[in-house]
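> As input, take final_28.tsv (TSV, C-alpha atoms):
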```
chain	number	residue	atom	x	y	z
O	1	ALA	CA	-38.77	-28.23	-21.86
O	2	ASP	CA	-41.17	-25.26	-22.08
O	3	PRO	CA	-40.17	-22.94	-19.16
O	4	ASN	CA	-42.40	-20.05	-20.24
O	5	ASN	CA	-45.44	-22.27	-20.91
O	6	ALA	CA	-45.70	-20.86	-24.43
O	7	ILE	CA	-47.01	-24.15	-25.77
O	8	ILE	CA	-50.35	-25.45	-24.56
O	9	GLU	CA	-49.87	-29.07	-23.48
O	10	THR	CA	-52.08	-31.75	-22.01
O	11	ASN	CA	-49.66	-32.26	-19.08
O	12	GLU	CA	-47.56	-29.27	-17.91
O	13	ALA	CA	-46.15	-31.18	-14.90
O	14	ASN	CA	-43.75	-33.37	-16.86
O	15	ASN	CA	-41.61	-30.67	-18.51
O	16	SER	CA	-38.57	-30.88	-16.20
O	17	ARG	CA	-36.24	-33.49	-14.83
O	18	ALA	CA	-33.33	-33.45	-12.37
O	19	GLY	CA	-29.93	-34.64	-13.57
O	20	ASN	CA	-26.89	-35.76	-11.63
O	21	THR	CA	-25.71	-33.91	-8.54
O	22	ILE	CA	-22.59	-31.73	-8.67
O	23	VAL	CA	-20.66	-30.45	-5.67
O	24	THR	CA	-19.38	-26.89	-5.69
O	25	SER	CA	-17.02	-25.34	-3.20
O	26	THR	CA	-14.83	-22.32	-2.81
O	27	VAL	CA	-11.13	-22.67	-3.39
O	28	PRO	CA	-9.61	-23.67	-0.03
O	29	VAL	CA	-6.96	-20.92	-0.13
O	30	ASP	CA	-6.91	-18.20	2.53
O	31	LEU	CA	-4.13	-15.60	2.38
O	32	THR	CA	-3.76	-13.37	5.40
O	33	MET	CA	-1.16	-10.90	6.65
O	34	THR	CA	0.10	-11.74	10.13
O	35	ALA	CA	2.68	-8.96	10.62
O	36	VAL	CA	3.80	-5.62	9.18
O	37	SER	CA	6.45	-3.20	10.38
O	38	GLY	CA	8.58	-0.28	9.33
O	39	PRO	CA	10.57	2.59	10.82
O	40	THR	CA	9.06	4.99	13.36
O	41	THR	CA	10.33	8.06	11.48
O	42	SER	CA	10.95	8.91	7.83
O	43	ARG	CA	12.04	11.93	5.81
O	44	ASP	CA	11.51	12.71	2.14
O	45	GLY	CA	13.88	10.78	-0.08
O	46	GLN	CA	15.09	8.59	2.79
O	47	THR	CA	15.31	4.88	2.00
O	48	ILE	CA	13.17	2.78	4.33
O	49	THR	CA	12.73	-0.97	4.71
O	50	LEU	CA	9.27	-2.43	5.28
O	51	THR	CA	8.63	-6.00	6.40
O	52	ALA	CA	5.56	-8.23	6.48
O	53	THR	CA	4.57	-11.85	6.94
O	54	VAL	CA	1.98	-13.54	4.74
O	55	ALA	CA	0.33	-16.84	5.71
O	56	ASN	CA	-1.91	-19.28	3.88
O	57	LEU	CA	-4.55	-20.46	6.34
O	58	GLY	CA	-6.22	-22.52	3.62
O	59	LYS	CA	-6.13	-26.25	2.94
O	60	THR	CA	-4.42	-26.09	-0.44
O	61	SER	CA	-1.42	-24.29	-1.90
O	62	ALA	CA	-1.96	-20.64	-2.83
O	63	PRO	CA	-0.68	-19.57	-6.26
O	64	ALA	CA	1.86	-16.79	-6.73
O	65	SER	CA	0.39	-13.53	-5.45
O	66	THR	CA	1.06	-9.83	-4.97
O	67	ILE	CA	1.74	-8.27	-1.57
O	68	ARG	CA	1.45	-4.46	-1.44
O	69	TRP	CA	2.50	-2.04	1.32
O	70	TYR	CA	0.59	1.18	1.96
O	71	LEU	CA	0.83	4.37	4.01
O	72	SER	CA	-2.44	5.18	5.82
O	73	THR	CA	-3.77	7.97	8.01
O	74	ASP	CA	-5.67	5.39	10.09
O	75	SER	CA	-5.52	1.74	11.09
O	76	ILE	CA	-7.93	0.56	8.39
O	77	ILE	CA	-5.80	-0.42	5.41
O	78	THR	CA	-7.46	-0.33	1.98
O	79	THR	CA	-6.32	0.01	-1.62
O	80	ALA	CA	-7.40	3.68	-1.41
O	81	ASP	CA	-4.41	4.36	0.90
O	82	THR	CA	-1.08	5.57	-0.53
O	83	PRO	CA	0.72	2.63	-2.19
O	84	LEU	CA	4.42	2.36	-1.32
O	85	ALA	CA	5.74	-0.85	-2.90
O	86	SER	CA	4.73	-4.32	-4.10
O	87	VAL	CA	6.35	-7.72	-4.36
O	88	THR	CA	5.21	-10.87	-6.11
O	89	THR	CA	5.55	-14.05	-4.09
O	90	THR	CA	5.82	-17.61	-5.29
O	91	ALA	CA	3.23	-20.25	-4.42
O	92	LEU	CA	2.61	-20.70	-0.69
O	93	ALA	CA	1.79	-24.13	0.71
O	94	ALA	CA	-1.26	-24.70	2.91
O	95	GLY	CA	-0.47	-23.74	6.50
O	96	ALA	CA	2.82	-22.05	5.53
O	97	SER	CA	3.94	-18.47	6.05
O	98	ARG	CA	6.65	-16.32	4.49
O	99	ALA	CA	8.51	-13.23	5.71
O	100	LEU	CA	8.91	-10.50	3.11
O	101	SER	CA	10.73	-7.18	2.94
O	102	VAL	CA	10.95	-4.31	0.50
O	103	THR	CA	13.02	-1.14	0.25
O	104	THR	CA	11.20	2.04	-0.78
O	105	ALA	CA	10.71	5.69	0.21
O	106	VAL	CA	7.75	7.78	1.36
O	107	PRO	CA	6.59	9.83	-1.66
O	108	ALA	CA	7.20	13.58	-1.53
O	109	SER	CA	3.49	14.08	-2.28
O	110	VAL	CA	2.58	12.81	1.22
O	111	PRO	CA	2.14	15.68	3.71
O	112	ALA	CA	4.17	15.61	6.91
O	113	GLY	CA	2.25	13.88	9.69
O	114	THR	CA	1.69	10.65	11.58
O	115	TYR	CA	0.79	7.54	9.61
O	116	ARG	CA	0.60	3.74	9.83
O	117	PHE	CA	2.16	1.26	7.48
O	118	GLY	CA	-0.19	-1.36	6.13
O	119	VAL	CA	-0.01	-4.36	3.86
O	120	ILE	CA	-2.56	-6.24	1.76
O	121	ALA	CA	-2.26	-9.76	0.33
O	122	ASP	CA	-3.74	-10.05	-3.16
O	123	PRO	CA	-4.83	-6.36	-3.26
O	124	ASP	CA	-6.24	-6.75	-6.78
O	125	ASN	CA	-8.44	-9.75	-5.77
O	126	LEU	CA	-6.98	-12.07	-8.40
O	127	ILE	CA	-7.06	-15.17	-6.17
O	128	ALA	CA	-10.32	-16.77	-5.05
O	129	GLU	CA	-10.17	-17.31	-1.29
O	130	THR	CA	-12.40	-18.77	1.40
O	131	ASN	CA	-12.08	-15.49	3.36
O	132	GLU	CA	-11.47	-12.24	1.47
O	133	THR	CA	-11.89	-10.05	4.57
O	134	ASN	CA	-8.61	-10.91	6.34
O	135	ASN	CA	-6.10	-9.84	3.67
O	136	ALA	CA	-5.11	-6.46	5.19
O	137	LYS	CA	-3.10	-5.61	8.30
O	138	ALA	CA	-1.96	-2.31	9.83
O	139	SER	CA	1.23	-1.78	11.79
O	140	THR	CA	0.77	-1.53	15.56
O	141	GLY	CA	3.07	1.49	15.74
O	142	THR	CA	3.04	4.73	13.80
O	143	VAL	CA	5.57	6.49	11.60
O	144	ALA	CA	6.22	10.23	11.83
O	145	VAL	CA	6.82	11.59	8.32
O	146	SER	CA	8.75	14.84	8.06
O	147	TYR	CA	10.57	16.66	5.32
O	148	THR	CA	14.02	18.22	5.18
O	149	PRO	CA	14.75	21.80	4.26
O	150	ASP	CA	17.00	22.51	1.27
O	151	LEU	CA	18.54	25.99	1.24
O	152	VAL	CA	19.79	27.50	-2.03
O	153	MET	CA	21.14	30.94	-2.82
O	154	SER	CA	18.96	32.36	-5.56
O	155	ALA	CA	20.66	35.79	-5.83
O	156	VAL	CA	23.93	37.40	-4.68
O	157	ALA	CA	24.95	41.04	-5.24
O	158	GLY	CA	27.76	43.35	-4.16
O	159	PRO	CA	29.89	46.20	-5.43
O	160	SER	CA	32.05	45.58	-8.47
O	161	SER	CA	35.03	47.27	-6.75
O	162	ALA	CA	36.08	48.49	-3.30
O	163	ALA	CA	39.10	50.16	-1.69
O	164	THR	CA	41.14	48.28	0.87
O	165	GLY	CA	39.97	49.00	4.42
O	166	THR	CA	36.54	50.32	3.44
O	167	SER	CA	33.23	48.70	4.35
O	168	VAL	CA	31.22	47.07	1.59
O	169	THR	CA	27.75	45.57	1.60
O	170	PHE	CA	26.79	42.28	0.00
O	171	THR	CA	23.23	41.06	-0.34
O	172	GLY	CA	21.87	37.65	-1.02
O	173	THR	CA	18.57	35.88	-1.33
O	174	VAL	CA	18.20	32.45	0.19
O	175	ARG	CA	15.33	30.17	-0.74
O	176	ASN	CA	14.15	26.95	0.93
O	177	GLN	CA	13.35	24.60	-1.95
O	178	GLY	CA	12.82	21.66	0.39
O	179	LEU	CA	9.55	20.54	1.90
O	180	GLY	CA	10.60	21.00	5.53
O	181	ALA	CA	10.43	24.30	7.42
O	182	ILE	CA	13.46	25.84	9.11
O	183	ASN	CA	12.66	26.77	12.72
O	184	ARG	CA	15.83	28.66	13.61
O	185	SER	CA	17.96	31.53	12.30
O	186	PHE	CA	21.08	30.90	10.27
O	187	SER	CA	23.82	32.98	8.72
```
Once more with this new file: its structure as structure tokens, please.

Amino acid sequence: ADPNNAIIETNEANNSRAGNTIVTSTVPVDLTMTAVSGPTTSRDGQTITLTATVANLGKTSAPASTIRWYLSTDSIITTADTPLASVTTTALAAGASRALSVTTAVPASVPAGTYRFGVIADPDNLIAETNETNNAKASTGTVAVSYTPDLVMSAVAGPSSAATGTSVTFTGTVRNQGLGAINRSFS
């Protein structure tokens, strides 16, 4: 009754009493990703399909949740990696799993290189789970991201008139507005 002992009493030992016992437990839901895959190569603007399988290892049904795919430079998938796409799933029964797929593209802001696809169940931590450390999975294989060139003529010039049978000179300026380099000559 007087937790700070602000009142001087004749008996300080009788100021508390235990009530009924309550049982607390964590929600017996445990979402985990069991598979993730995608193509082994990708170019800018190219449509790609990513797949994943989510499972509920818990003892009760998991509510609707978000599954998000990522592009990562390593095999440790986190929400700091480049997000690619998300889907919202419906409730998932205890012990059940569900295959998912999404169509997306690698963003043009991603530099060419070798990456892994990854996926995270409940990336925003909206669902209380018995194990929050098993929500992410990386692909076993890698994806090589490259970019295509895009040549455009930015200037063309030549004489305004010429006699039949005479040589004339035309000039032009070509520009690569794509993100991929051109490694050979062209005409």
> When you draw a straight line from CA of Gly95 (chain O) to CA of Gly118 (chain O), how long is it in Å?
22.4 Å
> Env of Val106 (chain O): 9 Å cut, atoms = all atoms listed in the file, seq-sep filter 3 positions within chain, self excluded. Answer as a ChimeraX atom specification.
/O:42-48,71,84,109-110,145
> Go ahead and write the selection's residues with C-alpha atoms as a short mmCIF file (atom, residue, chain, number, x, y, z; two decimals), in the frame of the given file.

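And here's result.cif as it stands now:
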```
data_model
loop_
_atom_site.label_atom_id
_atom_site.label_comp_id
_atom_site.auth_asym_id
_atom_site.auth_seq_id
_atom_site.Cartn_x
_atom_site.Cartn_y
_atom_site.Cartn_z
CA SER O 42 10.95 8.91 7.83
CA ARG O 43 12.04 11.93 5.81
CA ASP O 44 11.51 12.71 2.14
CA GLY O 45 13.88 10.78 -0.08
CA GLN O 46 15.09 8.59 2.79
CA THR O 47 15.31 4.88 2.00
CA ILE O 48 13.17 2.78 4.33
CA LEU O 71 0.83 4.37 4.01
CA LEU O 84 4.42 2.36 -1.32
CA SER O 109 3.49 14.08 -2.28
CA VAL O 110 2.58 12.81 1.22
CA VAL O 145 6.82 11.59 8.32
#
```
> I need every residue sitting at most 12 Å from the point (-9.6, 1.8, 12.2) (coordinates as in the file, all atoms listed in the file considered), written as a list in words.
Ser72, Thr73, Asp74, Ser75, Ile76, Ile77, Thr78, Arg116, Gly118, Ala136, Lys137, Ala138, Ser139 and Thr140 of chain O
> Skipping near chain neighbours, those fewer than 3 positions away, what residues fall within 8 Å of Phe170 (chain O) using all atoms listed in the file, listed as an MDAnalysis selection string?
chainID O and resid 156:159
> Got time to write the residues from that selection, C-alpha atoms, as a compact mmCIF listing (two decimals), keeping the file's coordinate frame?

```txt
# COMPACT_ATOMS: atom_id res chain seq x y z
CA VAL O 156 23.93 37.40 -4.68
CA ALA O 157 24.95 41.04 -5.24
CA GLY O 158 27.76 43.35 -4.16
CA PRO O 159 29.89 46.20 -5.43
```
> At a cut-off of 8 Å, using only C-alpha atoms, what residues contact Met153 (chain O)? Leave out same-chain residues fewer than 5 positions from it and give the result as a ChimeraX atom specification.
/O:172-175
> Just want the 7 Å neighbourhood of Thr32 (chain O), counted on only C-alpha atoms, with same-chain residues fewer than 2 positions away dropped. Output as a CSV table (one decimal) with C-alpha atoms, in the frame of the given file.

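Once everything was written out, this is part-v8.csv:
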```csv
chain,number,residue,atom,x,y,z
O,30,ASP,CA,-6.9,-18.2,2.5
O,34,THR,CA,0.1,-11.7,10.1
O,54,VAL,CA,2.0,-13.5,4.7
O,55,ALA,CA,0.3,-16.8,5.7
O,56,ASN,CA,-1.9,-19.3,3.9
O,121,ALA,CA,-2.3,-9.8,0.3
O,134,ASN,CA,-8.6,-10.9,6.3
O,135,ASN,CA,-6.1,-9.8,3.7
```
> Tell me which protein, DNA and RNA residues are within 8 Å of Ala52 (chain O), counting only C-alpha atoms, leaving out same-chain ones fewer than 6 positions away, and put them as a list of chain:residue names.
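Non-adjacent residues within range: O:Met33, O:Thr34, O:Ala35, O:Val36, O:Ser37, O:Ala99, O:Leu100, O:Ser101, O:Val119.
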> Calculate how many Å separate CA of Tyr115 (chain O) from CA of Leu31 (chain O), rounding to one decimal.
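Computing the Euclidean distance for CA of Tyr115 (chain O) and CA of Leu31 (chain O) yields 24.7 Å.
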> So, counting all atoms listed in the file, which residue among O:Ser16, O:Thr104, O:Thr114, O:Thr66 is closest to Thr142 (chain O)?
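Nearest candidate to Thr142 (chain O) out of O:Ser16, O:Thr104, O:Thr114, O:Thr66: O:Thr114.
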> For Ser146 (chain O), which of O:Asn131, O:Asn20, O:Asn15, O:Thr41 is the closest residue, counting only C-alpha atoms?
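Comparing O:Asn131, O:Asn20, O:Asn15, O:Thr41 against Ser146 (chain O), the winner is O:Thr41.
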> Between O:Leu126, O:Val87, O:Ala94, O:Ile120, which residue has the minimum interatomic distance to Tyr70 (chain O), considering all atoms listed in the file?
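Closest to Tyr70 (chain O) of all the choices is O:Ile120.
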> My structure is short of atoms at region 95-106 of chain O; please model all heavy atoms there, returning them as a short mmCIF file (atom, residue, chain, number, x, y, z; two decimals), in the frame of the given file.

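Everything below was put into part_10.cif:
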```cif
data_model
loop_
_atom_site.label_atom_id
_atom_site.label_comp_id
_atom_site.auth_asym_id
_atom_site.auth_seq_id
_atom_site.Cartn_x
_atom_site.Cartn_y
_atom_site.Cartn_z
N GLY O 95 -1.01 -23.82 5.15
CA GLY O 95 -0.47 -23.74 6.50
C GLY O 95 0.89 -23.08 6.61
O GLY O 95 1.42 -22.93 7.72
N ALA O 96 1.48 -22.66 5.51
CA ALA O 96 2.82 -22.05 5.53
C ALA O 96 2.73 -20.53 5.63
O ALA O 96 1.69 -19.93 5.37
CB ALA O 96 3.58 -22.44 4.27
N SER O 97 3.85 -19.93 6.02
CA SER O 97 3.94 -18.47 6.05
C SER O 97 5.30 -18.08 5.48
O SER O 97 6.22 -18.90 5.38
CB SER O 97 3.76 -17.92 7.46
OG SER O 97 4.80 -18.37 8.29
N ARG O 98 5.41 -16.81 5.10
CA ARG O 98 6.65 -16.32 4.49
C ARG O 98 6.88 -14.88 4.92
O ARG O 98 5.98 -14.04 4.84
CB ARG O 98 6.52 -16.41 2.97
CG ARG O 98 7.75 -15.93 2.23
CD ARG O 98 7.62 -16.11 0.72
NE ARG O 98 7.54 -17.54 0.42
CZ ARG O 98 6.68 -18.07 -0.44
NH1 ARG O 98 5.84 -17.30 -1.09
NH2 ARG O 98 6.65 -19.36 -0.67
N ALA O 99 8.11 -14.60 5.37
CA ALA O 99 8.51 -13.23 5.71
C ALA O 99 8.97 -12.53 4.43
O ALA O 99 9.67 -13.13 3.61
CB ALA O 99 9.62 -13.25 6.74
N LEU O 100 8.58 -11.29 4.30
CA LEU O 100 8.91 -10.50 3.11
C LEU O 100 9.47 -9.15 3.54
O LEU O 100 9.14 -8.65 4.61
CB LEU O 100 7.65 -10.26 2.28
CG LEU O 100 6.84 -11.48 1.88
CD1 LEU O 100 5.45 -11.06 1.45
CD2 LEU O 100 7.55 -12.20 0.76
N SER O 101 10.28 -8.55 2.68
CA SER O 101 10.73 -7.18 2.94
C SER O 101 10.90 -6.46 1.61
O SER O 101 11.09 -7.08 0.56
CB SER O 101 12.04 -7.16 3.73
OG SER O 101 13.10 -7.64 2.96
N VAL O 102 10.82 -5.15 1.69
CA VAL O 102 10.95 -4.31 0.50
C VAL O 102 11.61 -3.00 0.92
O VAL O 102 11.43 -2.53 2.04
CB VAL O 102 9.56 -4.08 -0.16
CG1 VAL O 102 8.66 -3.25 0.73
CG2 VAL O 102 9.69 -3.47 -1.52
N THR O 103 12.39 -2.44 0.02
CA THR O 103 13.02 -1.14 0.25
C THR O 103 12.35 -0.12 -0.64
O THR O 103 12.16 -0.35 -1.84
CB THR O 103 14.53 -1.22 -0.06
OG1 THR O 103 15.10 -2.22 0.78
CG2 THR O 103 15.21 0.12 0.21
N THR O 104 11.94 1.00 -0.05
CA THR O 104 11.20 2.04 -0.78
C THR O 104 11.45 3.38 -0.10
O THR O 104 12.32 3.50 0.74
CB THR O 104 9.70 1.68 -0.84
OG1 THR O 104 9.05 2.60 -1.72
CG2 THR O 104 9.05 1.70 0.53
N ALA O 105 10.67 4.38 -0.43
CA ALA O 105 10.71 5.69 0.21
C ALA O 105 9.30 6.25 0.28
O ALA O 105 8.45 5.91 -0.55
CB ALA O 105 11.61 6.66 -0.56
N VAL O 106 9.05 7.11 1.26
CA VAL O 106 7.75 7.78 1.36
C VAL O 106 7.71 8.84 0.25
O VAL O 106 8.64 9.63 0.12
CB VAL O 106 7.57 8.43 2.74
CG1 VAL O 106 6.30 9.26 2.79
CG2 VAL O 106 7.57 7.37 3.83
#
```
